[in-house]
Amino acid sequence: MTGQALVDHGRLLDVLGAEVERLTAAAREAAPDTPVPTTPGLTIGEVVRHLGGVYRVATGWMTEGRRPAGWQWDPADGQSGEEYLREGFAALHRELTSHDPAEYAAGWWPADRTYGFWCRRMAHETTVHRIDVQNAANRIVTEVDEDVAIDGIDEILALWFGQRLPMLGLSGTFTGSVGIRTGGHDWIARAGPGETVAWRCSAADTDRANGLVTGPPMAVYQWLWGRLGHGSVTWERSEDSIGQFWALLRLATK
């Protein structure tokens, strides 16, 4: 799969800004030490801190032209978690809006070393963690627009399943393919010894996969990220192939 997003750069910039506001609003509704069930072992405060650090890492990649050797990973003395996150976001947003999305930017995905990659990655990183914080704060989880959820599905399959797993040296124990179908789009993810690949495909190709996963775009998006249980989507045909696929994604995204 190529790195090209399914929605345009301006749309993803808008999503990124809106999701920061939703996340911080939800975080204010609960104590920072509130556990986050969808990210076991983390609290709301730790998720906010994590995201502020991720923004700094992404900005460092773009400004330094390589993975940054160091960055401010915690709030400064007297700085709140929200202030730390917003400071990191402000620097990230300035960098993203100062360059054409097609312009070269260093990154860890060979298929897309552009500013557009970082905008897309940060938009979905923020969206997933906003869902985490809203769940933890017992807030109604804001719907992800269908086009954004579909783009997020495409990103997790290409970037995390197709790229991150090989980087970690992880692959399947048996060969099995899984079709993913939602919102008029189809993909296949295939895993086997020494192989984890994913690509966009036709409905006819998906019908030939060993297993098939279907559901509404937001449900499939959250299921792929491990934020919803298996009952949120529909499994057909090979449960072994789907189970292996889902387990590999958990290793890729942990």
# chains A, B, ... in the order shown; residues from 1 in each chain; ligands from 1

$ select_by_dssp --residues "region 184-219 of chain A" --states "helix (DSSP H, G or I)" --output "list in words"
Ala203, Ala204, Asp205, Thr206, Asp207, Pro217, Met218 and Ala219 of chain A

$ residues_around --residues "Gly65 (chain A)" --least-positions-apart "2" --cutoff "10 Å" --atoms "only C-alpha atoms" --output "NGL selection string"
:A and (59-63 or 67-68 or 104-107)

$ write_last_selection --atoms "N, CA and C atoms" --output "short mmCIF file (atom, residue, chain, number, x, y, z; two decimals), in the first residue's frame"
data_model
loop_
_atom_site.label_atom_id
_atom_site.label_comp_id
_atom_site.auth_asym_id
_atom_site.auth_seq_id
_atom_site.Cartn_x
_atom_site.Cartn_y
_atom_site.Cartn_z
N THR A 59 7.54 16.55 15.95
CA THR A 59 8.12 17.84 15.56
C THR A 59 9.63 17.71 15.39
N GLY A 60 10.26 16.95 16.28
CA GLY A 60 11.71 16.74 16.17
C GLY A 60 12.11 16.03 14.89
N TRP A 61 11.36 15.02 14.51
CA TRP A 61 11.63 14.34 13.23
C TRP A 61 11.65 15.35 12.10
N MET A 62 10.66 16.23 12.06
CA MET A 62 10.53 17.17 10.96
C MET A 62 11.60 18.27 11.00
N THR A 63 11.91 18.79 12.18
CA THR A 63 12.85 19.91 12.27
C THR A 63 14.31 19.47 12.25
N ARG A 67 15.20 10.95 13.59
CA ARG A 67 14.58 10.72 14.89
C ARG A 67 15.31 11.54 15.94
N PRO A 68 14.62 12.37 16.70
CA PRO A 68 15.31 13.22 17.67
C PRO A 68 16.01 12.39 18.76
N TYR A 104 9.24 16.98 1.53
CA TYR A 104 9.97 15.93 2.24
C TYR A 104 10.06 16.24 3.73
N ALA A 105 9.84 15.22 4.54
CA ALA A 105 10.08 15.29 5.99
C ALA A 105 10.56 13.92 6.42
N ALA A 106 11.60 13.89 7.21
CA ALA A 106 12.12 12.62 7.70
C ALA A 106 11.04 11.90 8.51
N GLY A 107 11.06 10.59 8.45
CA GLY A 107 10.09 9.79 9.19
C GLY A 107 10.46 8.34 9.17
#

$ residues_around --residues "Met218 (chain A)" --least-positions-apart "6" --cutoff "8 Å" --atoms "only C-alpha atoms" --output "PyMOL selection string"
chain A and resi 143-146+149-150

$ write_last_selection --atoms "C-alpha atoms" --output "compact mmCIF listing (two decimals), in the first residue's frame"
# COMPACT_ATOMS: atom_id res chain seq x y z
CA GLU A 143 -18.39 9.75 16.69
CA VAL A 144 -15.51 9.73 14.24
CA ASP A 145 -16.71 10.94 10.84
CA GLU A 146 -16.95 8.10 8.34
CA ALA A 149 -12.52 6.44 10.23
CA ILE A 150 -11.98 4.89 6.79

$ closest_residue --among "A:Trp160, A:Phe117, A:Trp71, A:Trp199" --to "Ser177 (chain A)" --atoms "only C-alpha atoms"
A:Trp199

$ residues_around --residues "Ala158 (chain A)" --least-positions-apart "6" --cutoff "12 Å" --atoms "only C-alpha atoms" --output "NGL selection string"
:A and (1-5 or 109-112 or 121 or 151-152 or 164-166 or 187-190 or 196-200 or 249 or 252)

$ residues_around --residues "Arg250 (chain A)" --least-positions-apart "6" --cutoff "9 Å" --atoms "only C-alpha atoms" --output "count of residues only"
3

$ atom_distance --atom1 "CA of Asp33 (chain A)" --atom2 "CA of Leu228 (chain A)"
22.4 Å

$ residues_around --residues "Val47 (chain A)" --least-positions-apart "4" --cutoff "8 Å" --atoms "only C-alpha atoms" --output "compact mmCIF listing (two decimals) with N, CA, C and O atoms, in the first residue's frame"
# COMPACT_ATOMS: atom_id res chain seq x y z
N LEU A 42 -2.37 2.66 32.28
CA LEU A 42 -2.22 4.11 32.14
C LEU A 42 -3.40 4.83 32.78
O LEU A 42 -4.50 4.30 32.87
N THR A 43 -3.15 6.05 33.20
CA THR A 43 -4.19 6.93 33.72
C THR A 43 -4.46 8.03 32.70
O THR A 43 -3.72 8.21 31.73
N LEU A 51 0.79 11.93 24.97
CA LEU A 51 0.49 12.61 23.71
C LEU A 51 1.33 13.88 23.56
O LEU A 51 1.81 14.19 22.46
N HIS A 129 -6.50 8.38 21.14
CA HIS A 129 -6.33 8.70 22.56
C HIS A 129 -7.48 9.56 23.09
O HIS A 129 -7.80 9.48 24.29
N VAL A 133 -9.61 8.68 26.48
CA VAL A 133 -9.88 9.60 27.59
C VAL A 133 -11.38 9.77 27.79
O VAL A 133 -11.87 9.80 28.94

$ residues_around --residues "Ile140 (chain A)" --least-positions-apart "6" --cutoff "10 Å" --atoms "only C-alpha atoms" --output "PyMOL selection string"
chain A and resi 26+131+134

$ select_by_dssp --residues "region 134-215 of chain A" --states "strand (DSSP E or B)" --output "list in words"
Gly176, Ser177, Val178, Gly179, Ile180, Arg181, Thr182, His185, Asp186, Trp187, Ile188, Ala189, Arg190, Ala191, Gly192, Glu195, Thr196, Val197, Ala198, Trp199, Arg200, Gly211, Leu212, Val213 and Thr214 of chain A

$ closest_residue --among "A:Cys119, A:Ala31, A:Ala69, A:Ala90" --to "Val7 (chain A)" --atoms "only C-alpha atoms"
A:Cys119

$ closest_residue --among "A:Pro32, A:Gly183, A:Gly17, A:Gly194" --to "Tyr221 (chain A)" --atoms "only C-alpha atoms"
A:Gly183

$ closest_residue --among "A:Gly176, A:Pro217, A:Gly229, A:Gly116" --to "Gln244 (chain A)" --atoms "only C-alpha atoms"
A:Gly176

$ closest_residue --among "A:Tyr84, A:Tyr115, A:Trp223, A:Trp235" --to "Ser98 (chain A)" --atoms "only C-alpha atoms"
A:Tyr115

$ closest_residue --among "A:Gly78, A:Pro40, A:Gly179, A:Gly45" --to "Asn210 (chain A)" --atoms "only C-alpha atoms"
A:Gly179

$ atom_distance --atom1 "CA of Asp14 (chain A)" --atom2 "CA of His124 (chain A)"
11.8 Å

$ decode --residues "region 243-254 of chain A" --atoms "all heavy atoms" --output "tab-separated table (two decimals), in the first residue's frame"
chain	number	residue	atom	x	y	z
A	243	GLY	N	-8.17	-14.17	14.12
A	243	GLY	CA	-7.54	-14.10	15.44
A	243	GLY	C	-6.06	-13.80	15.34
A	243	GLY	O	-5.53	-13.00	16.13
A	244	GLN	N	-5.37	-14.44	14.40
A	244	GLN	CA	-3.94	-14.16	14.22
A	244	GLN	C	-3.72	-12.71	13.80
A	244	GLN	O	-2.82	-12.03	14.32
A	244	GLN	CB	-3.35	-15.10	13.17
A	244	GLN	CG	-1.90	-14.77	12.83
A	244	GLN	CD	-1.29	-15.75	11.85
A	244	GLN	OE1	-0.47	-16.56	12.23
A	244	GLN	NE2	-1.67	-15.66	10.58
A	245	PHE	N	-4.53	-12.25	12.87
A	245	PHE	CA	-4.44	-10.86	12.39
A	245	PHE	C	-4.61	-9.88	13.54
A	245	PHE	O	-3.81	-8.95	13.71
A	245	PHE	CB	-5.52	-10.66	11.32
A	245	PHE	CG	-5.84	-9.22	11.00
A	245	PHE	CD1	-4.92	-8.41	10.35
A	245	PHE	CD2	-7.08	-8.69	11.33
A	245	PHE	CE1	-5.24	-7.10	10.04
A	245	PHE	CE2	-7.40	-7.38	11.03
A	245	PHE	CZ	-6.48	-6.58	10.39
A	246	TRP	N	-5.64	-10.09	14.36
A	246	TRP	CA	-5.91	-9.17	15.47
A	246	TRP	C	-4.79	-9.20	16.51
A	246	TRP	O	-4.37	-8.16	17.01
A	246	TRP	CB	-7.24	-9.52	16.11
A	246	TRP	CG	-7.77	-8.49	17.06
A	246	TRP	CD1	-8.48	-7.37	16.75
A	246	TRP	CD2	-7.59	-8.46	18.48
A	246	TRP	NE1	-8.78	-6.66	17.89
A	246	TRP	CE2	-8.24	-7.30	18.97
A	246	TRP	CE3	-6.97	-9.31	19.39
A	246	TRP	CZ2	-8.27	-6.98	20.31
A	246	TRP	CZ3	-6.98	-8.98	20.73
A	246	TRP	CH2	-7.64	-7.82	21.19
A	247	ALA	N	-4.29	-10.40	16.80
A	247	ALA	CA	-3.20	-10.52	17.76
A	247	ALA	C	-1.93	-9.82	17.27
A	247	ALA	O	-1.21	-9.17	18.05
A	247	ALA	CB	-2.91	-11.99	18.04
A	248	LEU	N	-1.63	-9.92	15.98
A	248	LEU	CA	-0.46	-9.25	15.44
A	248	LEU	C	-0.62	-7.72	15.52
A	248	LEU	O	0.35	-7.00	15.81
A	248	LEU	CB	-0.23	-9.68	13.98
A	248	LEU	CG	0.36	-11.07	13.81
A	248	LEU	CD1	0.28	-11.50	12.34
A	248	LEU	CD2	1.81	-11.12	14.30
A	249	LEU	N	-1.83	-7.23	15.30
A	249	LEU	CA	-2.05	-5.79	15.43
A	249	LEU	C	-1.83	-5.32	16.87
A	249	LEU	O	-1.34	-4.22	17.10
A	249	LEU	CB	-3.47	-5.42	14.99
A	249	LEU	CG	-3.67	-5.12	13.51
A	249	LEU	CD1	-5.12	-4.79	13.23
A	249	LEU	CD2	-2.76	-3.98	13.05
A	250	ARG	N	-2.17	-6.15	17.84
A	250	ARG	CA	-1.95	-5.76	19.23
A	250	ARG	C	-0.44	-5.62	19.51
A	250	ARG	O	-0.01	-4.76	20.26
A	250	ARG	CB	-2.58	-6.78	20.19
A	250	ARG	CG	-4.07	-6.94	20.06
A	250	ARG	CD	-4.89	-5.75	20.56
A	250	ARG	NE	-4.70	-4.53	19.81
A	250	ARG	CZ	-5.22	-4.29	18.58
A	250	ARG	NH1	-5.94	-5.21	17.97
A	250	ARG	NH2	-5.02	-3.14	17.98
A	251	LEU	N	0.35	-6.50	18.91
A	251	LEU	CA	1.80	-6.39	19.08
A	251	LEU	C	2.35	-5.16	18.37
A	251	LEU	O	3.26	-4.51	18.86
A	251	LEU	CB	2.47	-7.65	18.53
A	251	LEU	CG	2.16	-8.96	19.27
A	251	LEU	CD1	2.75	-10.15	18.51
A	251	LEU	CD2	2.72	-8.92	20.70
A	252	ALA	N	1.77	-4.85	17.22
A	252	ALA	CA	2.26	-3.70	16.43
A	252	ALA	C	1.94	-2.37	17.11
A	252	ALA	O	2.72	-1.41	16.99
A	252	ALA	CB	1.64	-3.72	15.04
A	253	THR	N	0.82	-2.29	17.80
A	253	THR	CA	0.32	-1.00	18.31
A	253	THR	C	0.48	-0.82	19.81
A	253	THR	O	0.04	0.18	20.35
A	253	THR	CB	-1.16	-0.82	17.93
A	253	THR	OG1	-1.93	-1.89	18.47
A	253	THR	CG2	-1.33	-0.79	16.43
A	254	LYS	N	1.08	-1.78	20.49
A	254	LYS	CA	1.16	-1.64	21.95
A	254	LYS	C	2.15	-0.55	22.35
A	254	LYS	O	3.05	-0.20	21.58
A	254	LYS	CB	1.55	-2.97	22.58
A	254	LYS	CG	2.99	-3.41	22.32
A	254	LYS	CD	3.27	-4.70	23.04
A	254	LYS	CE	4.72	-5.15	22.85
A	254	LYS	NZ	5.02	-6.41	23.56
